$ cat coords.txt   # compact mmCIF, C-alpha atoms
# COMPACT_ATOMS: atom_id res chain seq x y z
CA MET X 1 -14.31 6.39 30.59
CA TRP X 2 -14.24 9.61 28.61
CA CYS X 3 -16.15 10.68 25.52
CA PHE X 4 -14.94 12.76 22.59
CA GLY X 5 -18.15 14.46 21.43
CA LYS X 6 -20.53 11.58 20.86
CA LEU X 7 -17.74 9.18 20.03
CA LEU X 8 -16.53 6.86 22.77
CA VAL X 9 -12.76 6.82 22.46
CA CYS X 10 -11.57 4.98 25.54
CA SER X 11 -10.72 1.31 25.81
CA VAL X 12 -10.28 -0.51 29.10
CA MET X 13 -6.51 -0.33 28.84
CA VAL X 14 -5.64 2.93 27.08
CA CYS X 15 -7.67 6.12 26.81
CA LEU X 16 -7.49 8.12 23.57
CA PHE X 17 -8.99 11.39 24.77
CA PRO X 18 -6.75 14.17 23.37
CA LEU X 19 -6.85 16.39 26.46
CA LEU X 20 -5.54 13.83 28.93
CA GLY X 21 -1.91 13.66 29.96
CA VAL X 22 0.85 16.25 30.30
CA ALA X 23 0.14 19.65 28.77
CA ALA X 24 1.72 20.36 25.41
CA ALA X 25 3.85 23.13 26.93
CA GLU X 26 5.83 20.48 28.80
CA LEU X 27 8.30 19.28 26.23
CA GLU X 28 9.71 16.30 28.11
CA ILE X 29 8.56 12.83 27.07
CA PRO X 30 9.43 10.48 29.92
CA SER X 31 10.45 6.92 29.12
CA VAL X 32 9.70 4.62 32.05
CA LYS X 33 11.74 1.50 32.68
CA VAL X 34 9.70 -1.72 32.69
CA GLN X 35 10.48 -5.38 33.16
CA THR X 36 8.06 -6.70 30.55
CA ALA X 37 8.19 -5.32 27.02
CA PRO X 38 4.90 -4.46 25.31
CA GLU X 39 3.94 -6.40 22.20
CA VAL X 40 4.35 -4.26 19.09
CA ASP X 41 1.02 -5.09 17.48
CA GLY X 42 -0.55 -1.66 16.99
CA ALA X 43 -3.27 -2.34 19.55
CA GLY X 44 -1.76 -0.51 22.53
CA GLN X 45 -3.56 -2.84 24.91
CA ASP X 46 -0.61 -4.10 26.98
CA ALA X 47 -1.02 -3.43 30.69
CA VAL X 48 2.29 -1.57 30.77
CA TRP X 49 0.86 1.30 28.70
CA ALA X 50 -1.98 1.92 31.15
CA LYS X 51 0.64 2.68 33.84
CA VAL X 52 2.35 5.40 31.77
CA LYS X 53 0.90 8.92 31.66
CA PRO X 54 0.61 10.17 28.07
CA VAL X 55 2.01 13.47 26.87
CA THR X 56 -0.19 15.52 24.55
CA VAL X 57 1.70 17.00 21.60
CA LYS X 58 0.18 19.15 18.87
CA ASP X 59 1.08 18.37 15.26
CA SER X 60 2.15 21.71 13.83
CA ALA X 61 0.87 21.18 10.28
CA SER X 62 -2.65 19.97 11.06
CA GLY X 63 -3.29 21.12 14.63
CA THR X 64 -4.04 17.52 15.61
CA ASN X 65 -3.38 16.40 19.19
CA ILE X 66 -1.12 13.35 19.51
CA LEU X 67 -0.77 11.21 22.63
CA ILE X 68 2.75 9.84 23.15
CA ARG X 69 3.92 7.29 25.71
CA SER X 70 7.34 5.63 26.05
CA VAL X 71 8.83 2.77 28.03
CA TYR X 72 12.16 0.96 27.86
CA THR X 73 13.79 -2.28 28.95
CA GLU X 74 17.43 -3.24 29.34
CA ASP X 75 17.96 -3.24 25.60
CA GLN X 76 14.97 -1.65 23.82
CA VAL X 77 12.90 1.54 23.77
CA PHE X 78 9.19 1.56 22.90
CA PHE X 79 6.70 4.24 21.87
CA LEU X 80 2.92 4.31 21.67
CA VAL X 81 1.35 7.11 19.63
CA GLN X 82 -2.38 7.74 19.17
CA PHE X 83 -4.26 10.47 17.34
CA PRO X 84 -7.63 11.13 15.69
CA ASP X 85 -7.85 10.30 11.98
CA SER X 86 -11.31 10.30 10.45
CA ALA X 87 -10.59 7.60 7.85
CA GLU X 88 -8.02 4.92 7.17
CA ASN X 89 -5.71 5.57 4.22
CA PHE X 90 -3.85 2.32 3.62
CA LEU X 91 -2.86 2.52 -0.06
CA HIS X 92 -0.04 4.50 -1.66
CA LYS X 93 0.01 5.30 -5.37
CA PRO X 94 -1.72 2.01 -6.29
CA TRP X 95 -2.12 0.88 -9.87
CA VAL X 96 -5.63 1.81 -11.04
CA TRP X 97 -7.04 0.20 -14.16
CA ASN X 98 -8.17 2.58 -16.91
CA ALA X 99 -10.74 0.46 -18.74
CA ALA X 100 -11.14 2.91 -21.61
CA GLU X 101 -7.44 2.90 -22.44
CA LYS X 102 -6.84 -0.65 -21.19
CA LYS X 103 -3.84 0.27 -19.07
CA TYR X 104 -2.85 0.93 -15.47
CA GLU X 105 -2.34 4.44 -14.13
CA SER X 106 -0.87 5.63 -10.83
CA GLY X 107 -3.61 6.23 -8.27
CA LEU X 108 -3.99 9.41 -6.26
CA HIS X 109 -4.24 7.56 -2.92
CA ARG X 110 -1.66 8.39 -0.24
CA GLU X 111 -0.97 6.29 2.83
CA ASP X 112 -1.14 7.48 6.42
CA THR X 113 2.35 8.07 7.81
CA PHE X 114 3.74 8.90 11.24
CA VAL X 115 7.28 10.21 11.68
CA PHE X 116 9.82 10.37 14.50
CA LYS X 117 12.73 12.71 13.72
CA TRP X 118 15.75 12.58 16.06
CA ASN X 119 18.55 15.11 16.34
CA MET X 120 21.97 13.50 15.74
CA MET X 121 24.01 16.64 16.37
CA ASP X 122 25.93 17.36 19.59
CA HIS X 123 23.92 20.56 20.06
CA ASP X 124 20.30 21.64 19.77
CA VAL X 125 18.89 22.51 16.34
CA ASN X 126 15.56 23.36 14.81
CA LEU X 127 14.56 20.07 13.15
CA SER X 128 12.12 21.54 10.63
CA ASN X 129 12.83 20.92 6.95
CA PHE X 130 12.76 24.71 6.65
CA SER X 131 15.23 25.39 9.45
CA ASP X 132 18.17 27.78 9.20
CA ASP X 133 20.27 25.21 11.10
CA ASP X 134 22.47 22.58 9.47
CA TYR X 135 21.78 19.17 10.91
CA ARG X 136 21.69 15.41 10.51
CA ALA X 137 18.65 13.52 11.80
CA ASP X 138 17.64 9.91 12.32
CA VAL X 139 14.11 9.53 10.91
CA TRP X 140 11.65 6.69 11.49
CA TYR X 141 8.81 6.58 8.95
CA TRP X 142 5.88 4.33 9.81
CA LYS X 143 3.89 3.95 6.57
CA ALA X 144 0.44 2.38 6.46
CA ASN X 145 1.04 0.78 3.06
CA ARG X 146 4.77 0.40 2.53
CA THR X 147 6.00 -0.72 5.97
CA ASN X 148 3.04 -1.65 8.18
CA PRO X 149 2.26 -5.03 6.58
CA ALA X 150 5.84 -6.15 7.31
CA GLY X 151 5.71 -4.76 10.87
CA TYR X 152 8.41 -2.08 10.54
CA ALA X 153 9.10 1.61 10.11
CA ASP X 154 11.40 2.78 7.34
CA ASP X 155 14.69 3.79 8.98
CA LYS X 156 16.28 6.73 7.17
CA SER X 157 18.26 9.90 7.77
CA GLN X 158 17.90 13.50 6.72
CA VAL X 159 20.62 16.07 6.20
CA LEU X 160 19.91 19.79 5.92
CA ALA X 161 22.80 21.93 4.70
CA SER X 162 23.61 25.43 3.52
CA GLN X 163 25.36 24.10 0.39
CA PRO X 164 24.21 21.53 -2.21
CA ILE X 165 24.89 17.93 -1.17
CA LYS X 166 24.36 14.55 -2.81
CA LYS X 167 20.72 13.90 -3.83
CA SER X 168 19.53 17.11 -2.18
CA THR X 169 16.53 19.27 -2.97
CA GLU X 170 16.76 23.03 -2.67
CA LEU X 171 14.33 24.62 -0.20
CA THR X 172 13.80 28.07 1.21
CA SER X 173 14.11 28.41 4.96
CA MET X 174 11.63 30.22 7.19
CA SER X 175 13.91 33.27 7.07
CA GLY X 176 14.26 33.14 3.27
CA LYS X 177 17.66 31.43 3.00
CA ALA X 178 18.49 28.78 0.39
CA ARG X 179 18.71 25.35 2.07
CA HIS X 180 19.50 21.87 0.75
CA LEU X 181 17.67 18.81 2.10
CA ALA X 182 18.71 15.22 1.39
CA ARG X 183 16.96 12.04 2.46
CA TYR X 184 19.03 8.86 2.68
CA SER X 185 17.88 5.31 3.34
CA ASP X 186 19.81 3.41 5.99
CA ALA X 187 21.98 0.56 4.77
CA GLY X 188 20.09 -2.61 3.94
CA LYS X 189 16.83 -3.69 2.37
CA ALA X 190 13.42 -2.01 2.58
CA ALA X 191 10.21 -3.50 4.04
CA TYR X 192 8.52 -3.39 0.66
CA LYS X 193 9.05 -4.00 -3.03
CA GLU X 194 7.69 -1.91 -5.90
CA LEU X 195 5.71 -3.17 -8.86
CA LYS X 196 7.02 -0.58 -11.29
CA THR X 197 4.93 -1.64 -14.26
CA LEU X 198 1.93 -3.86 -14.97
CA THR X 199 1.32 -5.02 -18.52
CA GLU X 200 -1.60 -7.40 -17.97
CA TYR X 201 -4.91 -6.87 -16.17
CA GLN X 202 -4.75 -8.05 -12.53
CA GLY X 203 -7.76 -6.26 -11.08
CA ASP X 204 -9.12 -2.73 -10.97
CA LEU X 205 -6.87 -1.74 -8.06
CA VAL X 206 -3.45 -3.30 -7.45
CA ASP X 207 -1.13 -2.60 -4.53
CA ARG X 208 2.06 -1.10 -5.92
CA TYR X 209 4.13 -1.95 -2.83
CA PRO X 210 3.87 -5.58 -1.64
CA ALA X 211 5.53 -6.33 1.70
CA SER X 212 9.06 -7.67 1.96
CA THR X 213 11.31 -8.59 4.89
CA PRO X 214 13.73 -5.70 5.58
CA GLU X 215 17.39 -6.29 6.30
CA GLY X 216 20.38 -4.47 7.77
CA SER X 217 20.17 -1.07 9.42
CA ARG X 218 16.98 -0.32 7.53
CA ALA X 219 15.30 -3.04 9.63
CA ASP X 220 16.16 -1.48 13.01
CA VAL X 221 12.74 -0.06 13.84
CA HIS X 222 9.81 -2.38 14.42
CA ALA X 223 6.42 -0.68 14.14
CA LYS X 224 2.79 -1.67 13.77
CA GLY X 225 -0.28 0.51 13.36
CA THR X 226 -4.04 0.03 13.44
CA TRP X 227 -7.01 2.25 12.69
CA LYS X 228 -10.35 1.96 14.50
CA GLY X 229 -13.29 4.23 15.15
CA GLY X 230 -11.65 7.39 13.89
CA PHE X 231 -8.34 6.90 15.70
CA ARG X 232 -4.91 5.76 14.63
CA THR X 233 -2.63 3.81 16.99
CA VAL X 234 1.02 3.05 16.18
CA GLU X 235 3.58 1.24 18.33
CA TYR X 236 7.35 1.41 17.79
CA ALA X 237 10.29 -0.58 19.15
CA ARG X 238 14.01 -0.14 18.59
CA ALA X 239 17.20 -1.37 20.20
CA LEU X 240 18.76 1.24 22.47
CA ASN X 241 22.03 0.70 20.66
CA THR X 242 21.79 -0.65 17.12
CA GLY X 243 25.53 -0.68 16.47
CA HIS X 244 24.94 1.20 13.20
CA ASP X 245 26.52 4.59 12.56
CA ASP X 246 23.46 5.79 10.61
CA ASP X 247 21.33 5.60 13.78
CA LEU X 248 21.02 7.64 16.96
CA GLN X 249 22.15 5.55 19.94
CA PHE X 250 20.30 5.82 23.27
CA GLU X 251 22.14 5.63 26.60
CA PRO X 252 19.61 5.64 29.48
CA ALA X 253 22.30 5.55 32.18
CA SER X 254 23.97 8.69 30.83
CA GLY X 255 21.27 11.04 32.09
CA LYS X 256 21.12 12.71 28.66
CA ASP X 257 17.90 13.75 27.00
CA TYR X 258 17.26 13.36 23.27
CA LEU X 259 15.81 16.12 21.09
CA PHE X 260 13.20 15.04 18.55
CA GLY X 261 9.95 15.93 16.85
CA VAL X 262 6.99 14.04 15.43
CA SER X 263 4.72 14.57 12.45
CA ILE X 264 1.53 13.18 10.95
CA PHE X 265 1.30 12.77 7.19
CA SER X 266 -2.34 12.02 6.46
CA LEU X 267 -5.22 12.90 4.19
CA TYR X 268 -7.50 13.06 7.25
CA GLY X 269 -10.24 11.03 5.70
CA ARG X 270 -9.94 12.39 2.17
CA PRO X 271 -9.35 9.66 -0.42
CA HIS X 272 -7.11 11.66 -2.76
CA ILE X 273 -4.19 13.97 -2.25
CA GLU X 274 -5.48 16.89 -4.32
CA ASN X 275 -8.34 17.30 -1.85
CA SER X 276 -5.95 17.81 1.07
CA PRO X 277 -2.85 19.70 -0.06
CA ASN X 278 -2.30 21.38 3.30
CA PHE X 279 -1.78 18.27 5.39
CA TYR X 280 0.20 15.70 3.42
CA GLY X 281 3.99 15.75 3.35
CA ARG X 282 4.52 19.35 4.42
CA GLY X 283 7.85 18.54 6.05
CA ARG X 284 7.06 20.17 9.37
CA ILE X 285 7.34 18.57 12.78
CA SER X 286 5.80 19.17 16.17
CA GLU X 287 7.15 21.44 18.82
CA PRO X 288 10.62 20.39 20.08
CA LEU X 289 10.39 17.34 22.33
CA ARG X 290 12.93 15.74 24.63
CA LEU X 291 12.99 12.08 25.49
CA LYS X 292 14.13 11.56 29.09
CA PHE X 293 14.84 8.10 30.47
CA GLN X 294 13.62 7.64 34.03
$ encode --input "coords.txt" --output "structure tokens"
Amino acid sequence: MWCFGKLLVCSVMVCLFPLLGVAAAELEIPSVKVQTAPEVDGAGQDAVWAKVKPVTVKDSASGTNILIRSVYTEDQVFFLVQFPDSAENFLHKPWVWNAAEKKYESGLHREDTFVFKWNMMDHDVNLSNFSDDDYRADVWYWKANRTNPAGYADDKSQVLASQPIKKSTELTSMSGKARHLARYSDAGKAAYKELKTLTEYQGDLVDRYPASTPEGSRADVHAKGTWKGGFRTVEYARALNTGHDDDLQFEPASGKDYLFGVSIFSLYGRPHIENSPNFYGRGRISEPLRLKFQ
């Protein structure tokens, strides 16, 4: 067992120590073929994970070390991600009762989120939101409040272009160029609903986003996360080939690798977003990573 300072961070099955595994300079994330699929429960305790060496990746926005493992079966690919997070943030913009004015107001809470962002181009690109490259990306958003209760990640896509496109926001690239970023939900139904207004008192704090069963292409990515002892664990599962044109399709037998990046959106233990403006939703990803099926 290993210790992180005075905090014991190793379970019998999977160690969480940030310095274990492949060095961050090695960009390849191997996916190992297995006969038995892990259960996507956010625990990371399946025996299969203990047999896979983790890769340590540094989140570019926060400097946090992330452990990533991957396995695959005949028809699915799985990921286990683990990283330190000093407190659990499991609400997102909840309705907070203002007793003085007798009405609900939008809370400042923001949920923990972990993102996979996959290149869908036929050539390499810089996948940052502030890239000079035009690209389309398949993005999997695990969200502690909006998708975790249903057991999914929100399956979406991003398009970055040099000219304005539908529903895009103008950004400035790292080199100072005008860029246009659009985020599109995959076809189907989300893993949550939104309570847009509350007219009668239902408690001091009300979840704005109750869980729902997703449908269609938006339901392609199963994901479950847990938080314990200052660490966040999230497991993902997706079909290798979803049959949907808004998704990246994986072909293990092809010998290809797949360019992607990851990102943590978190308040790192702070209860409100204004106390942590540098870490939440900055739109950056990790160093370029390549998934390689073994």
$ residues_near_point --input "coords.txt" --point "(15.7, 8.8, 11.3)" --cutoff "6 Å" --atoms "all atoms listed in the file" --output "list in words"
Lys117, Ala137, Asp138, Val139, Trp140, Asp155, Lys156 and Ser157 of chain X
$ atom_distance --input "coords.txt" --atom1 "atom CA of X:His92" --atom2 "atom CA of X:Asp154"
14.7 Å
$ atom_distance --input "coords.txt" --atom1 "atom CA of X:Gly42" --atom2 "atom CA of X:Asp245"
28.1 Å
$ atom_distance --input "coords.txt" --atom1 "atom CA of X:Ser128" --atom2 "atom CA of X:Asp246"
19.4 Å
$ residues_around --input "coords.txt" --residues "X:Tyr184" --least-positions-apart "2" --cutoff "9 Å" --atoms "all atoms listed in the file" --output "number ranges by chain"
X: 156-159, 167, 182, 186
$ residues_around --input "coords.txt" --residues "stretch 118-125 of chain X" --least-positions-apart "4" --cutoff "7 Å" --atoms "only C-alpha atoms" --output "number ranges by chain"
X: 133, 135-139, 248, 259-261
$ closest_residue --input "coords.txt" --among "X:Tyr104, X:Arg284, X:Val52, X:Asp59" --to "X:Thr199" --atoms "all atoms listed in the file"
X:Tyr104
$ residues_around --input "coords.txt" --residues "stretch 169-177 of chain X" --least-positions-apart "5" --cutoff "8 Å" --atoms "all atoms listed in the file" --output "number ranges by chain"
X: 129-132, 164, 182
$ write_last_selection --input "coords.txt" --atoms "C-alpha atoms" --output "CSV table (one decimal), in the frame of the given file"
chain,number,residue,atom,x,y,z
X,129,ASN,CA,12.8,20.9,7.0
X,130,PHE,CA,12.8,24.7,6.6
X,131,SER,CA,15.2,25.4,9.4
X,132,ASP,CA,18.2,27.8,9.2
X,164,PRO,CA,24.2,21.5,-2.2
X,182,ALA,CA,18.7,15.2,1.4
